[in-house]
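Colleague: Structure file my_file_10.cif (mmCIF, C-alpha atoms) is given on the next line.
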```cif
data_entry
#
loop_
_atom_site.label_atom_id
_atom_site.label_comp_id
_atom_site.auth_asym_id
_atom_site.auth_seq_id
_atom_site.Cartn_x
_atom_site.Cartn_y
_atom_site.Cartn_z
CA MET A 1 0.00 0.00 0.00
CA THR A 2 1.51 3.32 -0.96
CA PHE A 3 1.50 6.39 1.15
CA LEU A 4 -1.52 7.96 -0.50
CA ASP A 5 -3.78 4.91 -0.57
CA LYS A 6 -4.11 5.09 3.18
CA TYR A 7 -6.29 8.16 3.06
CA SER A 8 -9.94 8.48 2.14
CA THR A 9 -12.00 11.49 1.12
CA MET A 10 -13.00 11.86 4.75
CA HIS A 11 -9.36 12.38 5.66
CA LEU A 12 -9.08 15.00 2.96
CA ASP A 13 -12.18 16.74 4.34
CA ILE A 14 -10.52 16.92 7.73
CA LEU A 15 -7.46 18.50 6.16
CA LYS A 16 -9.77 20.97 4.45
CA GLU A 17 -11.16 21.99 7.81
CA ILE A 18 -7.62 22.42 9.11
CA GLY A 19 -6.85 24.71 6.19
CA ASN A 20 -10.07 26.60 6.78
CA ILE A 21 -9.35 27.29 10.43
CA GLY A 22 -5.70 28.15 9.87
CA ALA A 23 -6.17 30.40 6.90
CA GLY A 24 -9.19 32.03 8.52
CA HIS A 25 -7.04 33.20 11.38
CA ALA A 26 -4.30 34.27 9.00
CA ALA A 27 -6.73 36.27 6.86
CA THR A 28 -8.02 38.01 9.97
CA ALA A 29 -4.46 38.89 10.93
CA LEU A 30 -3.81 40.26 7.45
CA SER A 31 -7.01 42.23 7.51
CA LYS A 32 -6.06 43.84 10.84
CA LEU A 33 -2.53 44.55 9.70
CA LEU A 34 -3.62 46.35 6.55
CA ASN A 35 -6.90 47.63 7.91
CA LYS A 36 -8.69 46.24 4.87
CA LYS A 37 -11.28 43.67 4.06
CA ILE A 38 -9.67 40.42 2.95
CA ASP A 39 -11.48 37.65 1.14
CA MET A 40 -10.65 34.04 1.54
CA ASN A 41 -11.69 31.06 -0.53
CA VAL A 42 -12.83 27.75 0.82
CA PRO A 43 -9.63 25.73 1.01
CA ASN A 44 -8.76 23.27 -1.61
CA VAL A 45 -7.32 19.97 -0.53
CA LYS A 46 -5.93 18.09 -3.43
CA VAL A 47 -3.79 15.14 -4.17
CA VAL A 48 -1.61 16.47 -6.95
CA SER A 49 1.48 15.55 -8.89
CA PHE A 50 4.44 17.86 -8.40
CA ASP A 51 3.82 19.48 -11.77
CA GLU A 52 0.18 20.16 -10.91
CA MET A 53 1.29 21.73 -7.66
CA MET A 54 3.41 24.23 -9.64
CA ASP A 55 0.41 25.02 -11.81
CA MET A 56 -1.67 25.81 -8.73
CA ALA A 57 0.72 28.68 -8.06
CA GLY A 58 0.70 29.90 -11.65
CA GLY A 59 3.15 27.56 -13.37
CA PRO A 60 6.84 26.85 -12.73
CA ASP A 61 8.03 29.95 -14.63
CA ASN A 62 5.79 32.37 -12.81
CA ILE A 63 7.72 34.82 -10.62
CA VAL A 64 6.38 35.22 -7.10
CA ALA A 65 7.32 36.53 -3.70
CA SER A 66 7.23 33.72 -1.22
CA VAL A 67 7.77 33.27 2.49
CA PHE A 68 8.74 29.75 3.39
CA LEU A 69 8.94 28.23 6.80
CA ARG A 70 9.54 24.82 8.20
CA ILE A 71 7.09 23.62 10.80
CA GLU A 72 8.84 21.87 13.62
CA GLY A 73 7.49 20.01 16.62
CA ASP A 74 5.03 17.11 16.76
CA ALA A 75 3.95 17.21 13.13
CA PRO A 76 6.70 18.66 10.94
CA GLY A 77 5.98 20.06 7.51
CA SER A 78 6.54 22.94 5.17
CA MET A 79 4.49 26.02 4.67
CA PHE A 80 4.51 28.60 1.90
CA PHE A 81 2.83 31.95 1.73
CA VAL A 82 2.97 32.85 -1.96
CA LEU A 83 2.09 36.26 -3.35
CA SER A 84 2.20 37.56 -6.89
CA LEU A 85 4.68 40.44 -7.28
CA GLN A 86 1.80 42.81 -7.92
CA GLN A 87 0.05 41.78 -4.73
CA ALA A 88 3.27 41.89 -2.72
CA ASN A 89 3.86 45.42 -4.00
CA THR A 90 0.42 46.55 -2.87
CA PHE A 91 0.73 44.99 0.58
CA ILE A 92 4.21 46.36 1.19
CA GLN A 93 3.34 49.83 -0.07
CA GLN A 94 0.55 49.90 2.47
CA MET A 95 2.70 48.54 5.25
CA ILE A 96 5.64 50.89 4.86
CA GLY A 97 3.61 53.83 3.55
CA ASP A 98 5.70 54.27 0.40
CA ASP A 99 3.72 54.23 -2.83
CA SER A 100 6.76 54.27 -5.07
CA PHE A 101 8.03 50.93 -3.87
CA SER A 102 8.17 47.98 -6.25
CA PHE A 103 9.55 44.46 -6.34
CA GLY A 104 10.06 44.79 -10.09
CA GLU A 105 13.85 45.14 -10.13
CA PRO A 106 16.55 44.22 -7.65
CA PRO A 107 18.18 45.36 -5.45
CA TYR A 108 15.11 45.47 -3.26
CA SER A 109 15.02 47.81 -0.32
CA GLU A 110 15.97 46.17 2.96
CA LEU A 111 12.96 47.72 4.63
CA ALA A 112 10.56 46.23 2.11
CA LEU A 113 12.11 42.76 2.35
CA SER A 114 11.97 42.92 6.10
CA ALA A 115 8.34 44.05 5.98
CA LEU A 116 7.40 41.21 3.64
CA GLN A 117 9.18 38.69 5.82
CA GLU A 118 7.36 40.02 8.84
CA LEU A 119 4.06 39.87 6.98
CA GLY A 120 4.74 36.24 6.18
CA ASN A 121 5.79 35.61 9.74
CA ILE A 122 2.63 37.07 11.25
CA LEU A 123 0.31 35.28 8.85
CA SER A 124 1.96 31.90 9.05
CA GLY A 125 2.29 32.29 12.79
CA SER A 126 -1.44 32.82 13.18
CA TYR A 127 -2.16 29.94 10.81
CA LEU A 128 0.06 27.64 12.81
CA SER A 129 -1.05 28.66 16.27
CA SER A 130 -4.70 28.08 15.40
CA LEU A 131 -3.75 24.73 13.95
CA SER A 132 -1.82 23.95 17.06
CA ASP A 133 -4.78 24.88 19.31
CA PHE A 134 -7.15 22.82 17.22
CA THR A 135 -5.04 19.68 17.18
CA GLN A 136 -3.43 20.05 20.61
CA LEU A 137 -0.10 19.39 18.96
CA SER A 138 2.90 21.50 19.65
CA LEU A 139 3.92 23.12 16.39
CA TYR A 140 6.40 25.91 16.05
CA PRO A 141 7.63 27.71 12.97
CA SER A 142 11.22 28.17 11.94
CA VAL A 143 12.41 31.69 11.21
CA PRO A 144 10.77 32.48 7.87
CA ALA A 145 12.89 32.66 4.75
CA LEU A 146 12.02 34.96 1.90
CA SER A 147 12.57 34.39 -1.78
CA ILE A 148 11.48 36.22 -4.89
CA ASP A 149 11.90 33.77 -7.71
CA MET A 150 10.25 31.22 -9.98
CA VAL A 151 7.46 29.10 -8.51
CA GLY A 152 9.17 25.89 -9.58
CA ALA A 153 12.38 26.73 -7.79
CA ILE A 154 10.60 27.72 -4.60
CA ILE A 155 7.92 25.07 -4.28
CA SER A 156 10.18 22.16 -5.19
CA PHE A 157 12.14 22.87 -2.04
CA GLY A 158 9.10 22.13 0.10
CA LEU A 159 8.48 18.91 -1.82
CA ILE A 160 11.83 17.33 -1.01
CA GLU A 161 10.61 15.54 2.12
CA LEU A 162 7.52 14.24 0.35
CA SER A 163 9.37 13.27 -2.78
CA GLN A 164 11.20 10.57 -0.87
CA VAL A 165 8.01 8.59 -0.35
CA SER A 166 5.70 9.69 -3.10
CA ASP A 167 5.33 11.31 -6.50
CA TYR A 168 2.22 13.08 -5.31
CA ALA A 169 1.61 15.68 -2.65
CA ILE A 170 -1.39 16.32 -0.44
CA VAL A 171 -1.59 20.07 -0.50
CA ILE A 172 -3.85 22.26 1.56
CA ASP A 173 -4.28 25.41 -0.48
CA THR A 174 -6.15 28.53 0.54
CA ALA A 175 -6.34 31.55 -1.71
CA ILE A 176 -6.76 35.03 -0.26
CA ASN A 177 -7.35 38.33 -1.98
CA GLU A 178 -8.30 41.86 -1.24
CA ASP A 179 -11.98 42.47 -1.30
CA GLU A 180 -13.64 44.13 -4.27
CA ILE A 181 -10.73 43.61 -6.60
CA ILE A 182 -11.48 41.12 -9.32
CA GLN A 183 -8.32 39.21 -9.93
CA SER A 184 -7.39 36.28 -12.02
CA GLU A 185 -6.46 33.02 -10.35
CA SER A 186 -2.72 33.48 -10.78
CA VAL A 187 -2.47 36.72 -8.85
CA ASN A 188 -4.18 35.51 -5.71
CA GLY A 189 -2.15 35.00 -2.59
CA HIS A 190 -1.86 31.38 -1.55
CA PHE A 191 -1.13 29.47 1.60
CA PHE A 192 0.30 26.07 0.91
CA LEU A 193 0.58 23.68 3.80
CA LEU A 194 2.56 20.56 3.06
CA PRO A 195 2.74 18.22 6.02
CA ASP A 196 5.65 15.79 5.96
CA PRO A 197 4.57 12.24 5.08
CA THR A 198 4.88 11.04 8.65
CA SER A 199 2.82 13.94 9.98
CA PHE A 200 -0.53 12.95 8.48
CA ASP A 201 -1.04 10.05 10.87
CA ILE A 202 -0.08 12.25 13.81
CA ILE A 203 -2.54 14.95 12.79
CA PHE A 204 -5.41 12.48 12.27
CA LYS A 205 -4.66 10.73 15.53
CA SER A 206 -4.69 13.99 17.46
CA LEU A 207 -8.19 14.64 16.11
CA GLY A 208 -9.37 11.16 17.05
CA VAL A 209 -9.67 9.85 13.51
CA ALA A 210 -8.44 6.38 12.85
CA GLN A 211 -7.11 5.27 9.54
CA ASN A 212 -9.02 3.08 7.11
CA GLU A 213 -12.40 3.17 8.71
CA MET B 1 8.10 21.31 -44.59
CA ASN B 2 7.42 22.27 -41.06
CA ASP B 3 9.97 24.82 -39.88
CA CYS B 4 8.32 25.51 -36.58
CA VAL B 5 10.57 24.66 -33.64
CA GLN B 6 8.84 22.43 -31.16
CA VAL B 7 9.80 22.78 -27.53
CA VAL B 8 9.48 19.60 -25.52
CA LYS B 9 8.79 20.37 -21.88
CA VAL B 10 10.17 18.26 -19.08
CA GLY B 11 8.38 18.45 -15.73
CA ILE B 12 9.78 18.00 -12.29
CA ALA B 13 11.26 14.53 -11.68
CA ASP B 14 10.82 13.71 -15.35
CA MET B 15 12.97 13.12 -18.42
CA ASN B 16 12.66 13.23 -22.19
CA ILE B 17 14.59 13.11 -25.44
CA VAL B 18 14.57 15.30 -28.57
CA LYS B 19 16.12 15.02 -32.01
CA GLY B 20 17.02 17.48 -34.74
CA SER B 21 15.57 20.95 -34.63
CA ASP B 22 13.33 20.49 -31.62
CA HIS B 23 14.34 22.12 -28.36
CA ILE B 24 13.99 20.65 -24.90
CA ARG B 25 13.19 22.72 -21.86
CA THR B 26 12.59 22.47 -18.14
CA SER B 27 11.30 25.32 -15.99
CA GLY B 28 11.91 26.44 -12.45
CA LEU B 29 14.98 24.55 -11.38
CA GLY B 30 15.72 25.36 -7.76
CA SER B 31 17.60 22.82 -5.75
CA CYS B 32 16.83 20.37 -8.53
CA VAL B 33 19.42 19.81 -11.24
CA GLY B 34 18.77 19.81 -14.97
CA VAL B 35 21.06 17.34 -16.70
CA VAL B 36 21.47 17.54 -20.46
CA VAL B 37 23.26 14.64 -22.13
CA TYR B 38 23.73 15.00 -25.88
CA ASP B 39 25.38 13.65 -28.99
CA GLN B 40 25.89 16.70 -31.15
CA SER B 41 26.93 15.03 -34.37
CA ARG B 42 23.70 13.04 -34.38
CA GLU B 43 21.66 15.93 -32.99
CA ILE B 44 20.14 13.95 -30.16
CA ALA B 45 19.72 15.31 -26.65
CA GLY B 46 18.11 14.13 -23.46
CA LEU B 47 17.15 16.17 -20.43
CA ALA B 48 16.40 14.97 -16.90
CA HIS B 49 15.03 17.10 -14.07
CA VAL B 50 16.64 15.49 -11.04
CA MET B 51 15.17 16.14 -7.62
CA LEU B 52 17.11 13.99 -5.14
CA PRO B 53 20.70 12.78 -5.07
CA ASP B 54 20.37 9.10 -4.34
CA SER B 55 17.77 6.42 -5.00
CA SER B 56 18.54 4.90 -1.60
CA LEU B 57 16.62 7.89 -0.17
CA ALA B 58 13.44 6.37 -1.56
CA LYS B 59 11.47 5.14 1.41
CA ALA B 60 8.51 3.33 -0.05
CA GLY B 61 6.28 2.74 -2.98
CA SER B 62 7.06 2.69 -6.65
CA MET B 63 10.26 4.27 -7.85
CA ASN B 64 10.32 7.10 -10.30
CA ILE B 65 13.75 6.70 -11.83
CA ALA B 66 13.84 10.24 -13.21
CA LYS B 67 13.73 11.63 -9.68
CA TYR B 68 17.12 10.45 -8.46
CA ALA B 69 20.52 11.52 -9.78
CA ASP B 70 22.03 8.04 -9.92
CA THR B 71 19.13 6.30 -11.69
CA ALA B 72 18.13 9.24 -13.91
CA VAL B 73 21.54 9.73 -15.54
CA LYS B 74 21.85 6.00 -16.25
CA GLU B 75 18.39 5.76 -17.76
CA LEU B 76 18.90 8.90 -19.82
CA VAL B 77 22.07 7.45 -21.35
CA ASN B 78 20.34 4.13 -22.05
CA ARG B 79 17.49 5.85 -23.83
CA LEU B 80 19.85 8.04 -25.87
CA ILE B 81 21.77 5.00 -27.03
CA LYS B 82 18.52 3.26 -27.93
CA VAL B 83 17.60 6.08 -30.31
CA GLY B 84 20.97 6.07 -32.01
CA ALA B 85 23.41 8.13 -29.95
CA LYS B 86 26.94 6.81 -29.54
CA GLN B 87 28.19 6.39 -26.00
CA MET B 88 31.63 7.75 -26.95
CA ALA B 89 30.19 10.98 -28.38
CA LEU B 90 28.04 11.80 -25.37
CA LYS B 91 28.68 15.04 -23.52
CA ALA B 92 26.84 16.68 -20.67
CA LYS B 93 25.85 20.13 -19.48
CA ILE B 94 24.22 20.73 -16.15
CA ALA B 95 22.44 23.60 -14.40
CA GLY B 96 20.62 24.07 -11.13
CA GLY B 97 21.42 22.95 -7.61
CA ALA B 98 20.74 26.31 -6.05
CA GLN B 99 20.18 26.98 -2.39
CA MET B 100 16.86 28.76 -2.47
CA PHE B 101 16.56 29.55 1.19
CA GLN B 102 19.20 30.26 3.80
CA PHE B 103 18.67 28.75 7.18
CA ALA B 104 20.80 29.04 10.29
CA ASN B 105 20.50 25.36 11.20
CA SER B 106 21.50 23.87 7.90
CA ASN B 107 21.01 20.13 8.07
CA ASP B 108 21.53 17.77 5.17
CA MET B 109 18.07 18.31 3.72
CA MET B 110 18.68 22.04 3.52
CA ARG B 111 21.76 21.70 1.34
CA ILE B 112 20.05 19.37 -1.11
CA GLY B 113 21.14 21.51 -4.08
CA PRO B 114 24.91 20.96 -3.70
CA ARG B 115 24.28 17.29 -2.93
CA ASN B 116 22.29 16.88 -6.15
CA VAL B 117 25.13 18.46 -8.12
CA GLU B 118 27.75 16.21 -6.53
CA ALA B 119 25.66 13.12 -7.22
CA VAL B 120 25.06 14.02 -10.87
CA LYS B 121 28.77 14.68 -11.44
CA LYS B 122 29.72 11.41 -9.79
CA GLU B 123 27.31 9.48 -11.99
CA LEU B 124 28.49 11.23 -15.16
CA SER B 125 32.11 10.43 -14.45
CA ALA B 126 31.21 6.84 -13.63
CA LEU B 127 29.67 6.58 -17.11
CA ASN B 128 32.66 8.34 -18.72
CA ILE B 129 30.64 11.27 -19.98
CA SER B 130 32.56 14.52 -20.03
CA LEU B 131 30.90 17.48 -18.38
CA VAL B 132 31.59 20.37 -20.75
CA ALA B 133 29.71 23.16 -19.00
CA GLU B 134 27.87 23.86 -15.79
CA ASP B 135 25.98 26.65 -14.10
CA VAL B 136 25.27 25.46 -10.59
CA GLY B 137 24.80 26.75 -7.06
CA GLY B 138 23.87 30.29 -6.16
CA ASN B 139 20.44 31.11 -4.84
CA SER B 140 18.23 31.74 -7.82
CA GLY B 141 15.91 29.60 -9.87
CA ARG B 142 16.72 28.73 -13.47
CA THR B 143 14.80 27.82 -16.60
CA ILE B 144 16.90 26.00 -19.14
CA GLU B 145 16.44 25.20 -22.81
CA PHE B 146 18.73 23.09 -24.97
CA ASP B 147 19.15 23.07 -28.73
CA PRO B 148 20.58 19.73 -29.92
CA LYS B 149 21.62 21.25 -33.28
CA THR B 150 23.95 23.86 -31.85
CA GLY B 151 24.62 22.25 -28.48
CA ILE B 152 23.84 25.52 -26.75
CA LEU B 153 22.19 25.51 -23.36
CA ASN B 154 20.19 28.65 -22.72
CA ILE B 155 19.80 29.52 -19.03
CA ARG B 156 17.35 32.11 -17.81
CA THR B 157 17.26 33.43 -14.25
CA VAL B 158 14.90 35.96 -12.75
CA ASN B 159 17.40 38.63 -11.84
CA LYS B 160 20.54 37.84 -13.76
CA GLY B 161 19.08 37.63 -17.24
CA VAL B 162 20.00 35.03 -19.83
CA ARG B 163 23.23 33.05 -20.17
CA GLU B 164 24.35 30.64 -22.82
CA LEU B 165 26.57 27.67 -22.21
#
```
Show me, as structure tokens, the structure contained in the file I just sent.

Modeller:
Amino acid sequence: MTFLDKYSTMHLDILKEIGNIGAGHAATALSKLLNKKIDMNVPNVKVVSFDEMMDMAGGPDNIVASVFLRIEGDAPGSMFFVLSLQQANTFIQQMIGDDSFSFGEPPYSELALSALQELGNILSGSYLSSLSDFTQLSLYPSVPALSIDMVGAIISFGLIELSQVSDYAIVIDTAINEDEIIQSESVNGHFFLLPDPTSFDIIFKSLGVAQNE
Amino acid sequence: MNDCVQVVKVGIADMNIVKGSDHIRTSGLGSCVGVVVYDQSREIAGLAHVMLPDSSLAKAGSMNIAKYADTAVKELVNRLIKVGAKQMALKAKIAGGAQMFQFANSNDMMRIGPRNVEAVKKELSALNISLVAEDVGGNSGRTIEFDPKTGILNIRTVNKGVREL
């Protein structure tokens, strides 16, 4: 039995709820930080191939700003907060109060990078702490790392753990966007939560769900 | 006659082969390594997008041979020979193996890029294939495209523009 065959649609629904709770808290944090209304989609939990995972974030060539952190503790994993450059620009302009700022060309201002890293830190922190409360597991984030680069280069890093046991990933994806701005799929912000293969059983167990019911 | 150049895309942990005027490309190499093995006189080239250094890292389930440096290079060479390339004429160019994120506590998993590069080089030398060019390391993602006619590897990065090897 391979790693993925162990899980049913019910398990995926549970992961969806986890994404819902986590991203809900994160969206609230973002909304407070920017003093704006933030919209959030119902999370998507999908079993995807690595290539499909890249497509979820706009394709491997797409350039994004991403905050990555490792989740350590009882249920290790990887987490990405991915923003399109356009969206990152808007958020950072609002945070540092400088309308002229742009992530278009390096070198980027230290202040803006720091602000983006902090934004990622706050959002992922609130995602994780709500997840931790919900599951009663102790989860703590690593110091976030920031990268502005191609989706393929960034996301593949979070797939390394998984790639040792599987060619597919279970990804918990929640898209967020500013209210009242109609945007295409590729420019939405995304949270990607990628639990390590060993973490799924731990998460389900902590919620009282047995395998293979 | 069809003069349009076809570009064959290779996904992550995948491999493929092109002949003649077609190009072969893989996008978004981070810590992964893109290995091009080619026979220029016969205009045949293969590209593998390697994700992990060693197939012994595989923990369970079915094995995707294109994922690991040791198995992918071997298979790529086998396939090239099957379509008419000569082992003696094979050369290689590689790109990738970047360190996308810097962490204070760098364990082995965190420096997967350099390990992938080492493993690919080791396998190439074991198969007696000369490595004629490389663009590895650093901390930016790369998209690479190879033309088997000219033997030129085109490397695009986000901030440093385009390079040709």

Colleague: To one decimal in Å, tell me the separation between CA of Ile122 in chain A and CA of Leu162 in chain A.

Modeller: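 For CA of Ile122 in chain A relative to CA of Leu162 in chain A, the distance reads 25.8 Å.
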
Colleague: Apply the PyMOL selection byres ((chain B and resi 123) around 12) to the file shown and report the selected residues as a list in words.

Modeller: Val35, Pro53, Asp54, Tyr68, Ala69, Asp70, Thr71, Ala72, Val73, Lys74, Glu75, Leu76, Val77, Ala92, Asn116, Val117, Glu118, Ala119, Val120, Lys121, Lys122, Leu124, Ser125, Ala126, Leu127, Asn128, Ile129, Ser130 and Leu131 of chain B

Colleague: Create the file for the chosen residues now, containing C-alpha atoms and written as an mmCIF file, keeping the file's coordinate frame.

Modeller:
```
data_model
loop_
_atom_site.group_PDB
_atom_site.id
_atom_site.type_symbol
_atom_site.label_atom_id
_atom_site.label_comp_id
_atom_site.auth_asym_id
_atom_site.auth_seq_id
_atom_site.Cartn_x
_atom_site.Cartn_y
_atom_site.Cartn_z
ATOM 1 C CA VAL B 35 21.060 17.340 -16.700
ATOM 2 C CA PRO B 53 20.700 12.780 -5.070
ATOM 3 C CA ASP B 54 20.370 9.100 -4.340
ATOM 4 C CA TYR B 68 17.120 10.450 -8.460
ATOM 5 C CA ALA B 69 20.520 11.520 -9.780
ATOM 6 C CA ASP B 70 22.030 8.040 -9.920
ATOM 7 C CA THR B 71 19.130 6.300 -11.690
ATOM 8 C CA ALA B 72 18.130 9.240 -13.910
ATOM 9 C CA VAL B 73 21.540 9.730 -15.540
ATOM 10 C CA LYS B 74 21.850 6.000 -16.250
ATOM 11 C CA GLU B 75 18.390 5.760 -17.760
ATOM 12 C CA LEU B 76 18.900 8.900 -19.820
ATOM 13 C CA VAL B 77 22.070 7.450 -21.350
ATOM 14 C CA ALA B 92 26.840 16.680 -20.670
ATOM 15 C CA ASN B 116 22.290 16.880 -6.150
ATOM 16 C CA VAL B 117 25.130 18.460 -8.120
ATOM 17 C CA GLU B 118 27.750 16.210 -6.530
ATOM 18 C CA ALA B 119 25.660 13.120 -7.220
ATOM 19 C CA VAL B 120 25.060 14.020 -10.870
ATOM 20 C CA LYS B 121 28.770 14.680 -11.440
ATOM 21 C CA LYS B 122 29.720 11.410 -9.790
ATOM 22 C CA LEU B 124 28.490 11.230 -15.160
ATOM 23 C CA SER B 125 32.110 10.430 -14.450
ATOM 24 C CA ALA B 126 31.210 6.840 -13.630
ATOM 25 C CA LEU B 127 29.670 6.580 -17.110
ATOM 26 C CA ASN B 128 32.660 8.340 -18.720
ATOM 27 C CA ILE B 129 30.640 11.270 -19.980
ATOM 28 C CA SER B 130 32.560 14.520 -20.030
ATOM 29 C CA LEU B 131 30.900 17.480 -18.380
#
```

Colleague: Identify all residues satisfying the PyMOL selection byres ((chain A and resi 52) around 12) in the given file; provide them as a ChimeraX atom specification.

Modeller: /A:46-51,53-60,151-152,155-156,167-171 /B:11-12

Colleague: What would the selection look like, as a VMD selection string, if the PyMOL selection byres ((chain A) within 12 of (chain B)) were run on the coordinates I just shared?

Modeller: chain A and resid 1 to 5 49 to 55 58 to 70 103 to 108 142 to 168 197 to 198

Colleague: Work out how far CA of Met15 in chain B is from CA of Leu90 in chain B, in Å to one decimal.

Modeller: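 Interatomic distance here is 16.6 Å.
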
Colleague: Give me, as a VMD selection string, all polymer residues having an atom no more than 12 Å from Asp133 in chain A, counting all atoms listed in the file and skipping those fewer than 4 positions away in the same chain.

Modeller: chain A and resid 18 21 to 22 25 126 to 129 137 to 140 206 to 207

Colleague: Output the selection as a tab-separated table (two decimals), in the coordinates of the input - C-alpha atoms for each residue.

Modeller:
```tsv
chain	number	residue	atom	x	y	z
A	18	ILE	CA	-7.62	22.42	9.11
A	21	ILE	CA	-9.35	27.29	10.43
A	22	GLY	CA	-5.70	28.15	9.87
A	25	HIS	CA	-7.04	33.20	11.38
A	126	SER	CA	-1.44	32.82	13.18
A	127	TYR	CA	-2.16	29.94	10.81
A	128	LEU	CA	0.06	27.64	12.81
A	129	SER	CA	-1.05	28.66	16.27
A	137	LEU	CA	-0.10	19.39	18.96
A	138	SER	CA	2.90	21.50	19.65
A	139	LEU	CA	3.92	23.12	16.39
A	140	TYR	CA	6.40	25.91	16.05
A	206	SER	CA	-4.69	13.99	17.46
A	207	LEU	CA	-8.19	14.64	16.11
```

Colleague: Enter the distance from CA of Val45 in chain A to CA of Thr9 in chain A, in Å, rounded to one decimal.

Modeller: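 Going from CA of Val45 in chain A over to CA of Thr9 in chain A covers 9.8 Å.
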
Colleague: Using all atoms listed in the file, pick whichever of B:Arg79, B:Arg42, B:Arg156, B:Lys86 has the shortest atom-to-atom distance to Asn16 in chain B.

Modeller: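 Nearest candidate to Asn16 in chain B out of B:Arg79, B:Arg42, B:Arg156, B:Lys86: B:Arg79.
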
Colleague: Using only C-alpha atoms, which of A:Pro76, A:Phe81, A:Met10, A:Leu123 sits nearest Leu33 in chain A?

Modeller: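 Closest to Leu33 in chain A of all the choices is A:Leu123.
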
Colleague: Within 7 Å of Val8 in chain B, counting all atoms listed in the file, which residues show up once you throw out same-chain ones fewer than 6 positions away? Write them as a PyMOL selection string, please.

Modeller: chain B and resi 23-25

Colleague: Give me a file of those residues, with C-alpha atoms, as a compact mmCIF listing (two decimals), in the coordinates of the input.

Modeller:
```
# COMPACT_ATOMS: atom_id res chain seq x y z
CA HIS B 23 14.34 22.12 -28.36
CA ILE B 24 13.99 20.65 -24.90
CA ARG B 25 13.19 22.72 -21.86
```

Colleague: Do a neighbour search on Pro43 in chain A at 9 Å with all atoms listed in the file, toss out local chain neighbours closer than 5 positions, and write the hits as a VMD selection string.

Modeller: chain A and resid 16 to 20 23 172 to 175
